[in-house]
Amino acid sequence: MTPSSFVKLDGVAKRWNGQLGVEGISLDIPEGSFTALLGPSGCGKSTTLRLLAGLELPDEGTISIDGKDVTTSAASDRNLSMVFQSYALFPHLSVAENVVFGLKVRRVSKKERQVKLHRALEITGLLGYERRKPGELSGGQRQRVALARAIVAGQRLCLMDEPLSNLDAKLRNAVRKDIKKLQRDLGITVVYVTHDQTEAMSMADTVVLMKDGHIQQIGSPDDLYSRPNNTFVAEFVGAPPMALIDATAFASVFDNSATVGIRAENIQIVPSGQGRLRCVVTESEFLGAETLIGLDHAGASGLCVLKPGLAMVAEGSEIDIDFQDESLHVFDADGQRLTG
Ligand code: ADP
Ligand code: MG
């Protein structure tokens, strides 16, 4: 085990009656880092988190936390806290009682409970809400109570499974920042499950992108955005997603290329006859600071360009586009990256 890895999964697999949950999951997570497990619904994010938490046991592989092999340890012996999408608060208990519930169970003294409660409510901006019941709080406040409960647990490792899914977009943004700040201020290690690439990209130091129970790529948000391993990563990460073009659609300068990827920001609209591809406008979507113009070209998917400001273009009009070879991502017939 490398000295820097605080959480380590090595070749972890989980199946139910032969049905695949996850397979070949190997991860090295340094202490104090923020790791996002990202991927579409059913790809194995929660399974990975539950294996780490000890709520499931692996069929293969090993798991260690803080240098200790916990592969078969009970969840209660793993020294971690968890935050779920469903806040899992007791509806009949007040905010304060919910937050210190675990401490009470562990027979922590009343004085210590009070100190920890105060600090956790301060951090999560919930001072003054001690006596409220969960039913008297907004979704964002409830999620903050769940966070406060995780904070008072005082564990160095916190696992979160889609904690923001129940919140509306604006609140999600706010709590996203809260969680990130909390993680930094407390110096804790967070493993965070989300299907939302924006969330993963904006919060995580390291993103683990999964598909069908397997890891597709592990890297910084920039790694995944700028150097996607394969066409799945290319299309999953970034908004708008990378466009993929059949390499035979234009004279390609790359050997063995089957698919060429290009991001909207690297496409230029050029005067008629001067571009590499002639496209038909399918839609214009005003986003505020810019307008997203969808383009159709035989053998291409997801082609679009961004124009500054309000710049609607009539559906069906023709646009010529161009791009530099350096900005192309080249993939082979199996969708694997060829360019460096
Ligand atoms: P995600 O969290 O990425 O949406 P999950 O980890 O929940 O995905 O699920 C991964 C796969 O494992 C899915 O195919 C799911 O149906 C299956 N799975 C998860 N939990 C169980 C279970 N308890 N029994 C059987 N299959 C399960
Ligand atoms: Mg899940």
# chains A, B, ... in the order shown; residues from 1 in each chain; ligands from 1

call {"tool": "residues_near_ligand", "arguments": {"ligand": "ligand 1", "cutoff": "9 Å", "atoms": "only C-alpha atoms and all ligand atoms", "output": "PyMOL selection string"}}
result
chain A and resi 14-17+19-22+37-50+56+161-162+193-195+210-213

call {"tool": "write_last_selection", "arguments": {"atoms": "N, CA and C atoms", "output": "JSON list (two decimals), in the first residue's frame"}}
result
[["chain", "number", "residue", "atom", "x", "y", "z"],
["A", 14, "LYS", "N", -18.65, -7.19, -6.64],
["A", 14, "LYS", "CA", -19.87, -7.58, -5.92],
["A", 14, "LYS", "C", -20.92, -8.04, -6.92],
["A", 15, "ARG", "N", -21.47, -9.23, -6.68],
["A", 15, "ARG", "CA", -22.54, -9.76, -7.55],
["A", 15, "ARG", "C", -23.69, -10.22, -6.67],
["A", 16, "TRP", "N", -24.88, -10.21, -7.24],
["A", 16, "TRP", "CA", -26.03, -10.79, -6.56],
["A", 16, "TRP", "C", -26.59, -11.89, -7.46],
["A", 17, "ASN", "N", -26.55, -13.13, -7.02],
["A", 17, "ASN", "CA", -27.00, -14.26, -7.84],
["A", 17, "ASN", "C", -26.42, -14.20, -9.24],
["A", 19, "GLN", "N", -25.57, -11.77, -10.89],
["A", 19, "GLN", "CA", -25.82, -10.47, -11.56],
["A", 19, "GLN", "C", -24.79, -9.45, -11.08],
["A", 20, "LEU", "N", -24.16, -8.77, -12.04],
["A", 20, "LEU", "CA", -23.06, -7.86, -11.70],
["A", 20, "LEU", "C", -23.53, -6.59, -11.01],
["A", 21, "GLY", "N", -22.87, -6.28, -9.90],
["A", 21, "GLY", "CA", -23.02, -4.98, -9.27],
["A", 21, "GLY", "C", -21.85, -4.12, -9.71],
["A", 22, "VAL", "N", -20.65, -4.49, -9.22],
["A", 22, "VAL", "CA", -19.40, -3.83, -9.65],
["A", 22, "VAL", "C", -18.32, -4.89, -9.79],
["A", 37, "LEU", "N", -17.68, 9.69, -7.07],
["A", 37, "LEU", "CA", -18.01, 8.54, -7.90],
["A", 37, "LEU", "C", -19.15, 8.99, -8.80],
["A", 38, "LEU", "N", -18.88, 9.05, -10.10],
["A", 38, "LEU", "CA", -19.82, 9.62, -11.05],
["A", 38, "LEU", "C", -20.22, 8.58, -12.09],
["A", 39, "GLY", "N", -21.45, 8.68, -12.57],
["A", 39, "GLY", "CA", -21.88, 7.78, -13.64],
["A", 39, "GLY", "C", -23.39, 7.72, -13.70],
["A", 40, "PRO", "N", -23.91, 7.15, -14.79],
["A", 40, "PRO", "CA", -25.37, 7.07, -14.94],
["A", 40, "PRO", "C", -26.00, 6.14, -13.92],
["A", 41, "SER", "N", -27.28, 6.24, -13.74],
["A", 41, "SER", "CA", -28.02, 5.41, -12.81],
["A", 41, "SER", "C", -27.74, 3.93, -13.08],
["A", 42, "GLY", "N", -27.47, 3.17, -12.03],
["A", 42, "GLY", "CA", -27.27, 1.74, -12.16],
["A", 42, "GLY", "C", -25.84, 1.32, -12.49],
["A", 43, "CYS", "N", -24.90, 2.28, -12.52],
["A", 43, "CYS", "CA", -23.52, 1.94, -12.92],
["A", 43, "CYS", "C", -22.70, 1.37, -11.76],
["A", 44, "GLY", "N", -23.23, 1.44, -10.54],
["A", 44, "GLY", "CA", -22.52, 0.83, -9.42],
["A", 44, "GLY", "C", -21.91, 1.80, -8.41],
["A", 45, "LYS", "N", -22.35, 3.06, -8.46],
["A", 45, "LYS", "CA", -21.81, 4.05, -7.53],
["A", 45, "LYS", "C", -22.18, 3.72, -6.08],
["A", 46, "SER", "N", -23.47, 3.53, -5.84],
["A", 46, "SER", "CA", -23.93, 3.25, -4.47],
["A", 46, "SER", "C", -23.36, 1.93, -3.97],
["A", 47, "THR", "N", -23.27, 0.96, -4.85],
["A", 47, "THR", "CA", -22.72, -0.34, -4.45],
["A", 47, "THR", "C", -21.28, -0.15, -3.97],
["A", 48, "THR", "N", -20.50, 0.63, -4.71],
["A", 48, "THR", "CA", -19.12, 0.88, -4.31],
["A", 48, "THR", "C", -19.07, 1.56, -2.94],
["A", 49, "LEU", "N", -19.94, 2.54, -2.75],
["A", 49, "LEU", "CA", -19.96, 3.27, -1.48],
["A", 49, "LEU", "C", -20.40, 2.37, -0.33],
["A", 50, "ARG", "N", -21.39, 1.52, -0.60],
["A", 50, "ARG", "CA", -21.90, 0.62, 0.44],
["A", 50, "ARG", "C", -20.86, -0.45, 0.81],
["A", 56, "GLU", "N", -22.35, -3.68, 2.55],
["A", 56, "GLU", "CA", -22.30, -4.87, 1.70],
["A", 56, "GLU", "C", -20.90, -5.44, 1.85],
["A", 161, "ASP", "N", -24.01, 9.85, -0.42],
["A", 161, "ASP", "CA", -24.67, 9.26, -1.58],
["A", 161, "ASP", "C", -25.77, 10.19, -2.08],
["A", 162, "GLU", "N", -25.50, 10.89, -3.16],
["A", 162, "GLU", "CA", -26.44, 11.83, -3.79],
["A", 162, "GLU", "C", -27.13, 12.72, -2.77],
["A", 193, "VAL", "N", -21.02, 10.33, -3.98],
["A", 193, "VAL", "CA", -21.68, 9.71, -5.13],
["A", 193, "VAL", "C", -22.63, 10.70, -5.81],
["A", 194, "THR", "N", -22.53, 10.82, -7.12],
["A", 194, "THR", "CA", -23.48, 11.66, -7.85],
["A", 194, "THR", "C", -23.60, 11.18, -9.30],
["A", 195, "HIS", "N", -24.77, 11.42, -9.91],
["A", 195, "HIS", "CA", -24.93, 11.12, -11.34],
["A", 195, "HIS", "C", -24.78, 12.42, -12.14],
["A", 210, "MET", "N", -17.84, 5.90, -13.75],
["A", 210, "MET", "CA", -18.18, 4.48, -13.86],
["A", 210, "MET", "C", -19.26, 4.24, -14.91],
["A", 211, "LYS", "N", -19.26, 3.01, -15.44],
["A", 211, "LYS", "CA", -20.30, 2.59, -16.38],
["A", 211, "LYS", "C", -20.44, 1.08, -16.25],
["A", 212, "ASP", "N", -21.66, 0.59, -16.15],
["A", 212, "ASP", "CA", -21.93, -0.85, -16.09],
["A", 212, "ASP", "C", -21.05, -1.60, -15.09],
["A", 213, "GLY", "N", -20.86, -1.02, -13.91],
["A", 213, "GLY", "CA", -20.11, -1.70, -12.86],
["A", 213, "GLY", "C", -18.60, -1.62, -12.98]]

call {"tool": "select_by_dssp", "arguments": {"residues": "region 179-262 of chain A", "states": "alpha helix (DSSP H)", "output": "ChimeraX atom specification"}}
result
/A:179-186,197-203,221-226,231-236

call {"tool": "select_by_dssp", "arguments": {"residues": "region 84-183 of chain A", "states": "strand (DSSP E or B)", "output": "number ranges by chain"}}
result
A: 84, 157-161

call {"tool": "atom_distance", "arguments": {"atom1": "CA of Thr35 (chain A)", "atom2": "CA of Asp205 (chain A)"}}
result
6.0 Å

call {"tool": "closest_residue", "arguments": {"among": "A:Gly154, A:Pro163, A:Gly294, A:Gly125", "to": "ligand 2", "atoms": "only C-alpha atoms and all ligand atoms"}}
result
A:Pro163

call {"tool": "atom_distance", "arguments": {"atom1": "CA of Val305 (chain A)", "atom2": "CA of Leu287 (chain A)"}}
result
12.3 Å

call {"tool": "atom_distance", "arguments": {"atom1": "CA of Gly302 (chain A)", "atom2": "CA of Met203 (chain A)"}}
result
25.8 Å

call {"tool": "closest_residue", "arguments": {"among": "A:Met242, A:Thr231, A:Ser165, A:Asp69", "to": "ligand 2", "atoms": "only C-alpha atoms and all ligand atoms"}}
result
A:Ser165

call {"tool": "residues_around", "arguments": {"residues": "Cys279 (chain A)", "least_positions_apart": "6", "cutoff": "8 Å", "atoms": "only C-alpha atoms", "output": "list in words"}}
result
Leu295, Asp296, His297, Glu318, Ile319, Asp320 and Ile321 of chain A

call {"tool": "write_last_selection", "arguments": {"atoms": "C-alpha atoms", "output": "PDB file, in the first residue's frame"}}
result
ATOM      1  CA  LEU A 295     -26.013  21.290 -35.825  1.00  0.00           C
ATOM      2  CA  ASP A 296     -26.699  18.255 -37.950  1.00  0.00           C
ATOM      3  CA  HIS A 297     -24.163  16.551 -40.173  1.00  0.00           C
ATOM      4  CA  GLU A 318     -26.762  26.017 -43.393  1.00  0.00           C
ATOM      5  CA  ILE A 319     -23.584  26.810 -41.496  1.00  0.00           C
ATOM      6  CA  ASP A 320     -19.994  25.937 -42.383  1.00  0.00           C
ATOM      7  CA  ILE A 321     -17.758  25.069 -39.457  1.00  0.00           C
TER       8      ILE A 321
END

call {"tool": "residues_around", "arguments": {"residues": "Asp178 (chain A)", "least_positions_apart": "4", "cutoff": "10 Å", "atoms": "only C-alpha atoms", "output": "list in words"}}
result
Ile123, Thr124, Gly125, Arg144, Leu147, Arg172, Asn173, Ala174, Leu182, Gln183 and Arg184 of chain A
